[in-house]
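Peer 1: I have a structure I would like to understand better, so I am pasting it below and will then ask my questions one at a time.
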Amino acid sequence: MATPSTSSTRTARTFCRICTKFCGLVLEIDGGRVVNSMGDREHPITRGFSCPKGRAVGRLHDASERFTTAQRRNVAGNLEAVDPEHAIAEIAQRLNGIVAEHGPDSIGLFMGTQAYQATPTIPFVKAWLRAVGTHKFFKTATIDQSAKTVTAGRMGVWMGGPQRFEDSDVWLFSGINPLVSMFPLGGFPVHGGRTALSEARERGLQLLVIDPRLTETAVAADVHLQLKPGTDALLSASLLHVILTERLYDEAFCHDHVVNVDKLARAVASADPESVAQDVGVAAAEIYDVARRFGRAKRGMAVTGTGANMGPWSNLNEHLVQALNAVCGRYAREGDSAKGNAVLAPPGRPRAHACGPTRPWESGYQSRFGYGLIDGDLPTASLPREITESGADRVRALIVIGGNPASAIPDQREAVRALSQLELLVTVDPFPTETAQLAHYVIAPAMLLERADNTRAYDDTYIEPFAMYTPPVLDPPPGVIEDWQFFALLARAMTMKLTIGSLVIEPGDELPTTDALLDHLSRRGRVDPEELRTYPMGHIFTEIEAPVVAPADGTGARLDVMPPDVARELAEALRRERIPQLSRGDALLTVRRSLRVMNTFGRWAKEFDKHRYNPCHMNPEHMSWLGAEDGSLVAIESEHGRIHAIIESDPTVLPGTISMSHCWGSLPGSDDEPSSYGSNPGRLLSLVHGTEEINAMPQMTAVSVKITLLPQ
Ligand SMILES: Nc1nc2c(c(=O)[nH]1)N[C@H]1C(S)=C(S)[C@@H](COP(=O)(O)OP(=O)(O)OC[C@H]3O[C@@H](n4cnc5c(=O)[nH]c(N)nc54)[C@H](O)[C@@H]3O)O[C@H]1N2
Ligand SMILES: Nc1nc2c(c(=O)[nH]1)N[C@H]1C(S)=C(S)[C@@H](COP(=O)(O)OP(=O)(O)OC[C@H]3O[C@@H](n4cnc5c(=O)[nH]c(N)nc54)[C@H](O)[C@@H]3O)O[C@H]1N2
Ligand code: SF4
Ligand SMILES: [Mo]
């Protein structure tokens with residue numbers, strides 16, 4: 001064992017599941033409480049790494065605010081403890097009544113980030129939605145990076161998968177900061193962290209970063225384009241302009257697999273670096289430099305995160321960034337090893353051909369607001385209207401799982417107004433979140449250390465064929481249930497059958513154990529679950545090889561880099577429509593992540609008492625124009641709302657912009673004191689003005705704001 005134990009303490013190994021990095025942890029447990037949590041140095045993948053959230057995981061479990069049993073709102077308006085099965089029986093009765101009177105589409109479900117952090121949750125959520133027969137499914141993706149799904153639908157997808165960071169000679173990160181967010185979707189090997197980045201640079205990888213802030217990632221870059229926020233679409237068009245006019249693209253790949261390259265070239269003809277430089281706020285020479293470095297390299301991709309997917313023209317910008325990859329042919333080709341080692345998930349079958357555009361939102365179900373299904377879900381920005389506007393299928397009841405929509409949905413006032421009108425609001429959450437404060441019922445879930453799990457959910461983010469199983473390492477409080485059990489028990493109480501692959505759970509059936517479910521969900525993987533359970537720190541299954549990209553199947557499908565709707569958006573963006581101008585306000589508000597919290601999760605740990613608010617990061621030069629000092633109180637006002645915040649000096653922030661994290665504050669009206677609750681910049685955003693067409697994605701970064709110093 002890595003740590004000495006006194007007679008009353010025991011040591012347990014597990015992995016953290018607060019974010020997607022899944023760090024190995026060694027815990028010291030005394031009297032059923034975690035008294036120490038640290039990164040497990042013997043963990044073969046994360047090798048001792050942990051962050052402040054993982055080290056505070058014990059505090060999160062025994063925070064005094066935590067719900068340890070279900071709650072029901074009484075006639076006086078207060079939450080009171082209730083047996084979970086009793087609460088579920090009452091909820092089921094209400095839901096069945098609403099379905100009988102108004103049909104299944106009057107029931108909604110909002111799924112937040114923590115639903116992704118336990119392997120069985122999403123399969124049960126989806127099975128329950130199918131059993132109810134509702135289309136009113138909302139995910140955080142449509143207030144996050146669903147531009148990626150929209151782009152896949154409009155351009156098509158390469159079935160061989162992306163190229164791998166580990167064998168590339170260039171990588172372009174736009175609006176993503178994986179050294180803080182640990183966000184793996186950009187292909188960066190997050191488990192390796194800074195070491196992976198410096199090793200890659202030592203072997204010659206050129207790192208290109210597009211970000212208005214000098215981020216932890218940008219510090220390591222060969223070139224950092226510190227653009228004016230919200231001008232990404234212009235910049236991406238300009239990068240394409242250089243690559244297409246200087247013939248730095250892969251003509252042979254385009255001939256075989258891409259259509260409308262000529263239309264794309266004509267569409268970006270006016271986006272030469274000299275013409276966009278001033279709007280984008282970087283020198284033309286820097287744009288040429290980034291385009292040439294990217295285009296001349298042999299392998300490596302352009303990838304985006306929230307910053308590039310939350311500004312104006314987010315769908316267009318994502319399309320243009322993916323067009324860079326498409327015209328340069330930056331995909332795994334026939335004979336290449338594909339990215340991702342499916343160990344517990346079924347192995348992929350990569351093939352060297354494209355699957356053409358599918359545009360799923362154009363066929364099938366359409367909501368009364370004219371939205372189709374993006375990835376089986378409707379845009380979250382339309383959820384408040386689904387509740388407040390009359391209509392036969394108005395959402396009357398909402399189940400929330402692993403999310404906090406009353407804090408996370410842009411235009412928080414409108415979101416809260418809508419959620420308050422529900423006939424029934426149920427949230428499954430360990431904490432008295434803003435959503436819980438509005439809910440009729442709160443179901444208290446078992447938290448991460450109280451659940452068995454394995455690494456299946458993020459199987460394909462490992463470079464090595466790694467998998468780990470953890471048993472529960474703490475006993476759950478008696479009043480909690482696991483998230484999947486909530487849906488299983490709710491289905492039973494509603495007398496519905498749940499179908500998860502070959503597993504069918506009838507209302508009268510005994511529920512499986514979590515271990516049995518984990519085995520079922522990994523049944524098409526390549527390791528024996530029994531064997532996996534024998535490795536306390538997980539195991540690298542070296543005998544499992546990454547799949548090799550097979551030849552094309554001859555269907556001839558192609559990627560479309562310039563469909564008519566993208567061409568129209570591009571023409572509008574090139575006319576400078578919706579491109580933020582600094583002169584319109586005092587500053588542009590930009591998004592960022594904080595290492596201390598995972599969205600709203602983490603605010604409850606005592607470690608954060610010292611710094612329990614959400615600073616407004618500002619460049620010292622900008623502070624001096626404003627006459628502000630560290631700790632100054634300011635009002636931040638947009639066309640849609642006003643918040644108070646505390647200034648923090650930050651030289652990494654571009655002067656003229658401010659950089660703030662999200663999901664702080666409390667309910668509007670109860671939190672005018674930013675030092676005790678923090679400030680929620682979501683109140684400065686609109687759900688209507690400037691949203692994207694297909695996914696109703698709000699503009700969440702590069703928002704024009706006015707900043708006023710308040711009397712101290
Ligand atoms: N202004 C602004 N708004 C934003 C963003 C932004 O950048 N700026 N970012 C957006 C993005 S990218 C996202 S993803 C959303 C986040 O939106 P949400 O997903 O709605 O927010 P979270 O705080 O991640 O919600 C997770 C909840 O799960 C709870 N939880 C913790 N453990 C468990 C568990 O084991 N079971 C269950 N059932 N619950 C648990 C936590 O207490 C917390 O309330 O916010 C969006 N909103
Ligand atoms: N510690 C921690 N980790 C998290 C989370 C958290 O809250 N805390 N949240 C999780 C969630 S839900 C998500 S979706 C991921 C997000 O993961 P990331 O997308 O990596 O999020 P950030 O670290 O905020 O990086 C976004 C970057 O975009 C930049 N940016 C802002 N505006 C613009 C712009 O207009 N253009 C460009 N090009 N860049 C811009 C910001 O300066 C910032 O560096 O992180 C996840 N991981
Ligand atoms: S929250 Fe921190 S410790 Fe936990 S998995 Fe993420 S990076 Fe690792
Ligand atoms: Mo997110």
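Letters A, B, ... go to the chains of the structure tokens in the order shown; residues in each chain start at 1; ligands are counted from 1 in the same order.
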Give me the residues near Glu166 of chain A as a list in words, where near means some atom within 9 Å (using only C-alpha atoms) and where sequence neighbours in that chain fewer than 6 positions away do not count.
Peer 2: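 So the residues in contact are Phe188, Pro189, Ala196, Ala200 and Ile463 of chain A.
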Peer 1: Using only C-alpha atoms, which residues sit within 9 Å of Ser420 of chain A once same-chain residues fewer than 4 positions away are excluded, as an NGL selection string?
Peer 2: :A and (415-416 or 425 or 438-439)
Peer 1: Against ligand 3, which residues of chain A fall within 10 Å? For each one I want the closest pair of atoms and the distance in Å (one decimal), counting only C-alpha atoms and all ligand atoms, rows by chain and increasing residue number, as CSV.
Peer 2:
```
residue,atom,partner,partner_atom_place_in_ligand_line,distance
A:Phe15,CA,ligand 3,5 (S),7.3
A:Cys16,CA,ligand 3,4 (Fe),4.5
A:Arg17,CA,ligand 3,5 (S),5.2
A:Ile18,CA,ligand 3,1 (S),4.5
A:Cys19,CA,ligand 3,6 (Fe),4.0
A:Thr20,CA,ligand 3,5 (S),5.8
A:Lys21,CA,ligand 3,5 (S),4.3
A:Phe22,CA,ligand 3,5 (S),4.0
A:Cys23,CA,ligand 3,8 (Fe),4.2
A:Gly24,CA,ligand 3,8 (Fe),7.6
A:Leu25,CA,ligand 3,3 (S),7.6
A:Ser37,CA,ligand 3,3 (S),9.4
A:Met38,CA,ligand 3,3 (S),8.3
A:Gly39,CA,ligand 3,3 (S),7.2
A:Thr46,CA,ligand 3,8 (Fe),8.2
A:Gly48,CA,ligand 3,3 (S),9.7
A:Phe49,CA,ligand 3,8 (Fe),7.0
A:Ser50,CA,ligand 3,3 (S),4.0
A:Cys51,CA,ligand 3,2 (Fe),4.0
A:Pro52,CA,ligand 3,2 (Fe),6.3
A:Lys53,CA,ligand 3,1 (S),4.9
A:Gly54,CA,ligand 3,3 (S),3.5
A:Arg55,CA,ligand 3,3 (S),6.5
A:Ala56,CA,ligand 3,3 (S),8.8
A:Val57,CA,ligand 3,4 (Fe),8.0
A:Leu179,CA,ligand 3,7 (S),9.3
A:Val180,CA,ligand 3,7 (S),8.1
A:Ser181,CA,ligand 3,7 (S),8.0
A:Met182,CA,ligand 3,7 (S),6.4
A:Phe183,CA,ligand 3,6 (Fe),9.4
A:Val190,CA,ligand 3,7 (S),9.1
A:His191,CA,ligand 3,7 (S),8.8
A:Gly193,CA,ligand 3,7 (S),9.7
A:Leu595,CA,ligand 3,2 (Fe),7.8
A:Arg596,CA,ligand 3,1 (S),8.5
A:Val597,CA,ligand 3,1 (S),8.1
A:Met598,CA,ligand 3,1 (S),7.3
A:Gly602,CA,ligand 3,1 (S),9.3
```
Peer 1: Enumerate residues in contact with ligand 4: an atom-to-atom distance of at most 12 Å, counting only C-alpha atoms and all ligand atoms. Format the result as a compact mmCIF listing (two decimals) with all heavy atoms, in the first residue's frame.
Peer 2:
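Printed below is result-v3.txt as written:
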```txt
# COMPACT_ATOMS: atom_id res chain seq x y z
N CYS A 19 -14.17 14.78 -13.15
CA CYS A 19 -14.08 15.16 -14.57
C CYS A 19 -13.67 13.93 -15.37
O CYS A 19 -13.60 12.82 -14.83
CB CYS A 19 -13.16 16.36 -14.77
SG CYS A 19 -11.40 16.00 -15.00
N THR A 20 -13.39 14.13 -16.64
CA THR A 20 -13.21 12.98 -17.53
C THR A 20 -11.81 12.38 -17.49
O THR A 20 -11.55 11.39 -18.16
CB THR A 20 -13.50 13.43 -18.98
OG1 THR A 20 -12.71 14.58 -19.26
CG2 THR A 20 -14.96 13.81 -19.17
N MET A 111 -30.46 16.40 -19.11
CA MET A 111 -29.31 15.60 -18.68
C MET A 111 -28.06 16.47 -18.65
O MET A 111 -27.67 17.04 -19.67
CB MET A 111 -29.12 14.44 -19.64
CG MET A 111 -28.07 13.45 -19.20
SD MET A 111 -28.18 11.93 -20.14
CE MET A 111 -27.15 12.37 -21.54
N GLY A 112 -27.44 16.56 -17.48
CA GLY A 112 -26.25 17.38 -17.31
C GLY A 112 -24.97 16.56 -17.29
O GLY A 112 -24.98 15.34 -17.53
N THR A 113 -23.88 17.22 -16.97
CA THR A 113 -22.56 16.61 -17.15
C THR A 113 -22.32 15.39 -16.27
O THR A 113 -21.61 14.48 -16.68
CB THR A 113 -21.45 17.62 -16.82
OG1 THR A 113 -21.66 18.11 -15.50
CG2 THR A 113 -21.43 18.78 -17.79
N GLN A 114 -22.87 15.37 -15.05
CA GLN A 114 -22.50 14.25 -14.18
C GLN A 114 -23.17 12.95 -14.60
O GLN A 114 -22.79 11.87 -14.13
CB GLN A 114 -22.78 14.59 -12.70
CG GLN A 114 -21.81 15.64 -12.15
CD GLN A 114 -20.35 15.18 -12.15
OE1 GLN A 114 -20.04 14.04 -11.81
NE2 GLN A 114 -19.44 16.06 -12.55
N ALA A 115 -24.15 13.02 -15.51
CA ALA A 115 -24.75 11.79 -16.03
C ALA A 115 -23.73 11.00 -16.86
O ALA A 115 -23.85 9.78 -17.00
CB ALA A 115 -25.97 12.11 -16.88
N TYR A 116 -22.72 11.69 -17.38
CA TYR A 116 -21.71 11.03 -18.21
C TYR A 116 -20.65 10.34 -17.35
O TYR A 116 -19.79 9.64 -17.88
CB TYR A 116 -21.00 12.05 -19.12
CG TYR A 116 -21.90 12.66 -20.16
CD1 TYR A 116 -22.74 13.72 -19.84
CD2 TYR A 116 -21.93 12.17 -21.45
CE1 TYR A 116 -23.59 14.28 -20.79
CE2 TYR A 116 -22.77 12.72 -22.41
CZ TYR A 116 -23.59 13.77 -22.08
OH TYR A 116 -24.42 14.32 -23.02
N LYS A 139 -30.03 18.19 -23.49
CA LYS A 139 -28.72 17.89 -22.93
C LYS A 139 -27.92 19.18 -22.84
O LYS A 139 -28.20 20.14 -23.57
CB LYS A 139 -27.95 16.94 -23.85
CG LYS A 139 -28.60 15.61 -24.06
CD LYS A 139 -27.64 14.62 -24.72
CE LYS A 139 -27.31 14.94 -26.13
NZ LYS A 139 -26.74 13.82 -26.89
N THR A 140 -26.87 19.15 -22.05
CA THR A 140 -26.00 20.33 -21.99
C THR A 140 -25.26 20.54 -23.32
O THR A 140 -24.77 21.63 -23.57
CB THR A 140 -24.97 20.19 -20.86
OG1 THR A 140 -24.48 18.86 -20.87
CG2 THR A 140 -25.56 20.52 -19.52
N ALA A 141 -25.18 19.50 -24.16
CA ALA A 141 -24.42 19.63 -25.42
C ALA A 141 -24.85 20.87 -26.21
O ALA A 141 -24.01 21.54 -26.81
CB ALA A 141 -24.60 18.38 -26.27
N THR A 142 -26.15 21.18 -26.21
CA THR A 142 -26.63 22.30 -27.03
C THR A 142 -26.41 23.66 -26.35
O THR A 142 -26.82 24.68 -26.90
CB THR A 142 -28.12 22.12 -27.40
OG1 THR A 142 -28.83 21.81 -26.21
CG2 THR A 142 -28.31 21.03 -28.44
N ILE A 143 -25.78 23.65 -25.15
CA ILE A 143 -25.25 24.91 -24.59
C ILE A 143 -23.74 24.72 -24.40
O ILE A 143 -23.14 25.29 -23.50
CB ILE A 143 -25.97 25.36 -23.29
CG1 ILE A 143 -26.07 24.20 -22.29
CG2 ILE A 143 -27.34 25.93 -23.61
CD1 ILE A 143 -26.58 24.63 -20.90
N ASP A 144 -23.16 23.90 -25.28
CA ASP A 144 -21.75 23.53 -25.13
C ASP A 144 -21.15 23.43 -26.54
O ASP A 144 -20.96 24.46 -27.18
CB ASP A 144 -21.69 22.21 -24.33
CG ASP A 144 -20.31 21.75 -23.96
OD1 ASP A 144 -19.34 22.25 -24.51
OD2 ASP A 144 -20.20 20.83 -23.10
N GLN A 145 -20.92 22.24 -27.03
CA GLN A 145 -20.21 22.10 -28.30
C GLN A 145 -20.99 21.29 -29.33
O GLN A 145 -20.41 20.50 -30.07
CB GLN A 145 -18.84 21.47 -28.05
CG GLN A 145 -17.95 22.38 -27.21
CD GLN A 145 -16.78 21.65 -26.62
OE1 GLN A 145 -15.88 21.27 -27.33
NE2 GLN A 145 -16.80 21.46 -25.31
N SER A 146 -22.32 21.49 -29.39
CA SER A 146 -23.08 20.72 -30.39
C SER A 146 -22.81 21.22 -31.80
O SER A 146 -23.29 20.62 -32.77
CB SER A 146 -24.57 20.68 -30.06
OG SER A 146 -25.13 21.96 -30.19
N ILE A 176 -9.71 26.01 -26.73
CA ILE A 176 -9.72 24.83 -25.84
C ILE A 176 -8.47 24.91 -24.99
O ILE A 176 -7.41 25.31 -25.48
CB ILE A 176 -9.81 23.52 -26.67
CG1 ILE A 176 -9.80 22.26 -25.78
CG2 ILE A 176 -8.70 23.42 -27.71
CD1 ILE A 176 -10.15 20.98 -26.52
N SER A 181 -9.04 22.13 -18.47
CA SER A 181 -10.35 21.46 -18.59
C SER A 181 -10.20 19.95 -18.64
O SER A 181 -11.17 19.24 -18.40
CB SER A 181 -11.07 21.93 -19.84
OG SER A 181 -10.39 21.50 -21.01
N MET A 182 -9.03 19.45 -18.97
CA MET A 182 -8.78 18.01 -19.15
C MET A 182 -9.73 17.44 -20.19
O MET A 182 -10.05 16.26 -20.19
CB MET A 182 -8.95 17.21 -17.83
CG MET A 182 -8.41 17.87 -16.59
SD MET A 182 -6.62 17.97 -16.66
CE MET A 182 -6.28 18.96 -15.21
N PHE A 183 -10.21 18.31 -21.06
CA PHE A 183 -11.25 17.90 -22.01
C PHE A 183 -10.61 17.06 -23.13
O PHE A 183 -9.74 17.55 -23.85
CB PHE A 183 -11.93 19.15 -22.58
CG PHE A 183 -13.19 18.85 -23.28
CD1 PHE A 183 -14.29 18.37 -22.59
CD2 PHE A 183 -13.30 19.04 -24.65
CE1 PHE A 183 -15.48 18.09 -23.24
CE2 PHE A 183 -14.49 18.76 -25.31
CZ PHE A 183 -15.57 18.29 -24.60
N PRO A 184 -11.02 15.80 -23.28
CA PRO A 184 -10.29 14.90 -24.17
C PRO A 184 -10.74 14.93 -25.63
O PRO A 184 -10.08 14.37 -26.49
CB PRO A 184 -10.60 13.52 -23.58
CG PRO A 184 -11.96 13.67 -22.97
CD PRO A 184 -12.10 15.12 -22.56
N LEU A 185 -11.87 15.61 -25.94
CA LEU A 185 -12.41 15.46 -27.29
C LEU A 185 -11.55 16.09 -28.37
O LEU A 185 -11.68 15.76 -29.54
CB LEU A 185 -13.84 16.00 -27.37
CG LEU A 185 -14.87 15.21 -26.57
CD1 LEU A 185 -16.27 15.70 -26.88
CD2 LEU A 185 -14.78 13.72 -26.83
N GLY A 305 -12.59 23.78 -28.84
CA GLY A 305 -13.28 23.56 -27.57
C GLY A 305 -14.39 24.58 -27.44
O GLY A 305 -14.85 25.15 -28.44
N THR A 306 -14.76 24.84 -26.21
CA THR A 306 -15.92 25.71 -25.97
C THR A 306 -15.72 27.12 -26.54
O THR A 306 -16.64 27.70 -27.09
CB THR A 306 -16.19 25.82 -24.46
OG1 THR A 306 -14.97 26.11 -23.81
CG2 THR A 306 -16.77 24.53 -23.91
N GLY A 307 -14.50 27.67 -26.41
CA GLY A 307 -14.28 29.05 -26.84
C GLY A 307 -14.61 29.24 -28.31
O GLY A 307 -15.14 30.27 -28.72
N ASN A 309 -16.68 27.26 -29.97
CA ASN A 309 -18.03 26.75 -30.25
C ASN A 309 -19.12 27.54 -29.52
O ASN A 309 -20.27 27.13 -29.45
CB ASN A 309 -18.15 25.27 -29.84
CG ASN A 309 -17.54 24.31 -30.85
OD1 ASN A 309 -17.64 23.11 -30.68
ND2 ASN A 309 -16.92 24.82 -31.89
N MET A 310 -18.74 28.65 -28.90
CA MET A 310 -19.72 29.41 -28.12
C MET A 310 -19.86 30.85 -28.61
O MET A 310 -20.66 31.61 -28.09
CB MET A 310 -19.32 29.43 -26.64
CG MET A 310 -19.55 28.10 -25.95
SD MET A 310 -19.23 28.23 -24.17
CE MET A 310 -19.89 26.66 -23.61
N GLY A 403 -27.40 17.43 -13.50
CA GLY A 403 -27.25 18.77 -14.07
C GLY A 403 -27.88 19.81 -13.17
O GLY A 403 -28.57 19.49 -12.19
N ASN A 404 -27.64 21.05 -13.51
CA ASN A 404 -28.16 22.16 -12.71
C ASN A 404 -28.65 23.25 -13.65
O ASN A 404 -28.06 24.33 -13.74
CB ASN A 404 -27.04 22.65 -11.78
CG ASN A 404 -27.53 23.69 -10.79
OD1 ASN A 404 -28.74 23.99 -10.72
ND2 ASN A 404 -26.61 24.26 -10.04
N ALA A 408 -27.11 26.74 -15.14
CA ALA A 408 -26.27 26.58 -16.35
C ALA A 408 -26.89 27.13 -17.63
O ALA A 408 -26.17 27.48 -18.55
CB ALA A 408 -25.96 25.10 -16.55
N ILE A 409 -28.22 27.17 -17.71
CA ILE A 409 -28.82 27.62 -18.97
C ILE A 409 -28.63 29.13 -19.09
O ILE A 409 -28.90 29.87 -18.14
CB ILE A 409 -30.34 27.24 -19.03
CG1 ILE A 409 -30.50 25.71 -18.98
CG2 ILE A 409 -30.99 27.79 -20.30
CD1 ILE A 409 -31.94 25.23 -19.11
N VAL A 591 -15.46 33.09 -22.05
CA VAL A 591 -15.62 31.92 -21.17
C VAL A 591 -14.25 31.38 -20.76
O VAL A 591 -13.26 31.56 -21.45
CB VAL A 591 -16.41 30.79 -21.87
CG1 VAL A 591 -17.85 31.18 -22.06
CG2 VAL A 591 -15.78 30.40 -23.22
N ARG A 592 -14.22 30.68 -19.65
CA ARG A 592 -13.03 29.94 -19.20
C ARG A 592 -13.47 28.90 -18.16
O ARG A 592 -14.54 29.01 -17.58
CB ARG A 592 -12.01 30.87 -18.57
CG ARG A 592 -12.38 31.25 -17.15
CD ARG A 592 -11.42 32.12 -16.38
NE ARG A 592 -10.07 31.69 -16.31
CZ ARG A 592 -9.03 32.56 -16.22
NH1 ARG A 592 -9.23 33.85 -16.20
NH2 ARG A 592 -7.81 32.12 -16.12
N ARG A 593 -12.61 27.92 -17.92
CA ARG A 593 -12.85 26.94 -16.86
C ARG A 593 -11.93 27.21 -15.69
O ARG A 593 -10.81 27.70 -15.88
CB ARG A 593 -12.56 25.51 -17.36
CG ARG A 593 -13.77 24.71 -17.74
CD ARG A 593 -14.47 25.24 -18.93
NE ARG A 593 -15.81 24.67 -19.01
CZ ARG A 593 -16.83 25.26 -19.62
NH1 ARG A 593 -16.68 26.42 -20.19
NH2 ARG A 593 -18.00 24.68 -19.64
N MET A 598 -16.01 21.89 -11.04
CA MET A 598 -16.46 21.28 -12.29
C MET A 598 -17.86 21.85 -12.52
O MET A 598 -18.82 21.39 -11.91
CB MET A 598 -16.48 19.76 -12.12
CG MET A 598 -17.06 18.99 -13.28
SD MET A 598 -15.96 19.02 -14.72
CE MET A 598 -16.97 18.08 -15.86
N ASN A 599 -17.95 22.90 -13.31
CA ASN A 599 -19.21 23.63 -13.47
C ASN A 599 -19.73 24.01 -12.08
O ASN A 599 -19.00 24.67 -11.35
CB ASN A 599 -20.20 22.84 -14.33
CG ASN A 599 -19.59 22.45 -15.67
OD1 ASN A 599 -18.88 23.25 -16.25
ND2 ASN A 599 -19.81 21.25 -16.14
N THR A 600 -20.92 23.56 -11.66
CA THR A 600 -21.35 23.96 -10.30
C THR A 600 -20.90 22.97 -9.24
O THR A 600 -21.06 23.23 -8.04
CB THR A 600 -22.89 24.11 -10.18
OG1 THR A 600 -23.51 22.86 -10.41
CG2 THR A 600 -23.42 25.12 -11.16
N SER A 661 -15.52 32.35 -15.39
CA SER A 661 -16.10 31.02 -15.36
C SER A 661 -17.62 31.15 -15.23
O SER A 661 -18.14 32.26 -15.08
CB SER A 661 -15.49 30.26 -14.18
OG SER A 661 -15.75 28.91 -14.32
N HIS A 662 -18.32 30.03 -15.29
CA HIS A 662 -19.78 30.06 -15.38
C HIS A 662 -20.39 29.35 -14.18
O HIS A 662 -19.67 28.78 -13.36
CB HIS A 662 -20.21 29.37 -16.67
CG HIS A 662 -19.64 27.98 -16.78
ND1 HIS A 662 -18.30 27.76 -16.95
CD2 HIS A 662 -20.22 26.76 -16.67
CE1 HIS A 662 -18.08 26.47 -16.97
NE2 HIS A 662 -19.21 25.83 -16.80
N CYS A 663 -21.72 29.36 -14.13
CA CYS A 663 -22.44 28.55 -13.15
C CYS A 663 -22.15 28.91 -11.69
O CYS A 663 -22.13 28.04 -10.83
CB CYS A 663 -22.15 27.07 -13.34
SG CYS A 663 -22.90 26.34 -14.80
```
Peer 1: Could you pull out the residues in segment 191-401 of chain A that DSSP calls strand (DSSP E) from the backbone, as a PyMOL selection string?
Peer 2: chain A and resi 206-210+223-225+258-259+302-304+354-355+397-401
Peer 1: Give me the residues within 10 Å of segment 539-556 of chain A as a ChimeraX atom specification, counting only C-alpha atoms and dropping any in the same chain fewer than 3 places off.
Peer 2: /A:43-45,159-161,256-257,332-343,347-356,462-469,526-527,531-536
Peer 1: Do you know which residues are at most 12 Å from Ser390 of chain A counting only C-alpha atoms, after dropping those on the same chain fewer than 5 positions away, and could you put them as a PyMOL selection string?
Peer 2: chain A and resi 106+368-369+384-385+395-396+421
Peer 1: Restricting it to C-alpha atoms, dump the selection as a PDB file, in the first residue's frame.
Peer 2:
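Final output, selection.pdb:
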```pdb
ATOM      1  CA  SER A 106     -45.480  16.847 -21.908  1.00  0.00           C
ATOM      2  CA  ARG A 368     -43.476  23.327 -32.334  1.00  0.00           C
ATOM      3  CA  PHE A 369     -40.654  25.881 -32.349  1.00  0.00           C
ATOM      4  CA  PRO A 384     -37.763  27.508 -21.257  1.00  0.00           C
ATOM      5  CA  ARG A 385     -40.221  28.215 -24.108  1.00  0.00           C
ATOM      6  CA  VAL A 395     -43.578  20.490 -21.039  1.00  0.00           C
ATOM      7  CA  ARG A 396     -45.360  20.208 -17.681  1.00  0.00           C
ATOM      8  CA  GLN A 421     -43.823  27.178 -13.735  1.00  0.00           C
TER       9      GLN A 421
END
```
Peer 1: Which residue, A:Gly108, A:Pro410, A:Gly204, A:Pro668, has the smallest gap to ligand 1 when you use only C-alpha atoms and all ligand atoms?
Peer 2: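 Using only C-alpha atoms and all ligand atoms, the shortest distance to ligand 1 belongs to A:Pro410.
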Peer 1: Report the distance between atom CA of Asp62 of chain A and atom 15 (C, counted along the ligand's line) of ligand 1 in Å, rounded to one decimal place.
Peer 2: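 Atom 15 (C, counted along the ligand's line) of ligand 1 lies 24.4 Å from atom CA of Asp62 of chain A.
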Peer 1: Which residue is closest to ligand 1? Choose from A:Ala493, A:Ala436, A:Met537, A:Val258 and count only C-alpha atoms and all ligand atoms.
Peer 2: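 Using only C-alpha atoms and all ligand atoms, the shortest distance to ligand 1 belongs to A:Ala436.
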Peer 1: Can you tell me how far atom 39 (N, counted along the ligand's line) of ligand 1 sits from atom CA of Arg523 of chain A, in Å to one decimal?
Peer 2: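 Separating atom 39 (N, counted along the ligand's line) of ligand 1 from atom CA of Arg523 of chain A is a distance of 26.1 Å.
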Peer 1: Would you mind telling me which residue in A:Ile287, A:Ala557, A:Ile210, A:Met494 lies nearest to ligand 2 when using only C-alpha atoms and all ligand atoms?
Peer 2: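 Closest to ligand 2, using only C-alpha atoms and all ligand atoms: A:Ile210.
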Peer 1: Please identify all polymer residues within 8 Å of segment 125-129 of chain A, counting only C-alpha atoms, omitting same-chain residues fewer than 2 positions from it, and present them as a list in words.
Peer 2: Thr121, Ile122, Pro123, Ala131, Val132, Gly133, Thr134, His135, Phe137, Trp484, Phe487, Ala488, Ala491, Leu498, Thr499 and Ile500 of chain A
Peer 1: If you run DSSP on the backbone here, which positions in segment 27-163 of chain A get alpha helix (DSSP H)? Please write them as a PyMOL selection string.
Peer 2: chain A and resi 52-55+57-62+84-102+121-132+147-155
Peer 1: Excluding Arg154 of chain A and its own-chain neighbours fewer than 6 positions away, which residues fall within 8 Å of it when counting only C-alpha atoms? Please give them as a list in words.
Peer 2: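 My list of contacting residues is Pro357, Thr358, Arg359, Asp560 and Pro563 of chain A.
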Peer 1: Which is closest to ligand 2 among A:Met618, A:Leu205, A:Ile643, A:Val703, if we use only C-alpha atoms and all ligand atoms?
Peer 2: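 The closest residue to ligand 2 is A:Val703.
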Peer 1: If we count only C-alpha atoms and set the cut-off at 12 Å, which residues sit around Leu234 of chain A, ignoring sequence neighbours fewer than 6 positions away in its own chain? Please answer as an NGL selection string.
Peer 2: :A and (227-228 or 240-241 or 267-282 or 287 or 308 or 311-314 or 316-318 or 320-321 or 569-580)
Peer 1: Atom 25 (O, counted along the ligand's line) of ligand 2 to atom CA of Thr701 of chain A: how many Å, to one decimal?
Peer 2: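 Here the two named atoms are 10.9 Å from each other.
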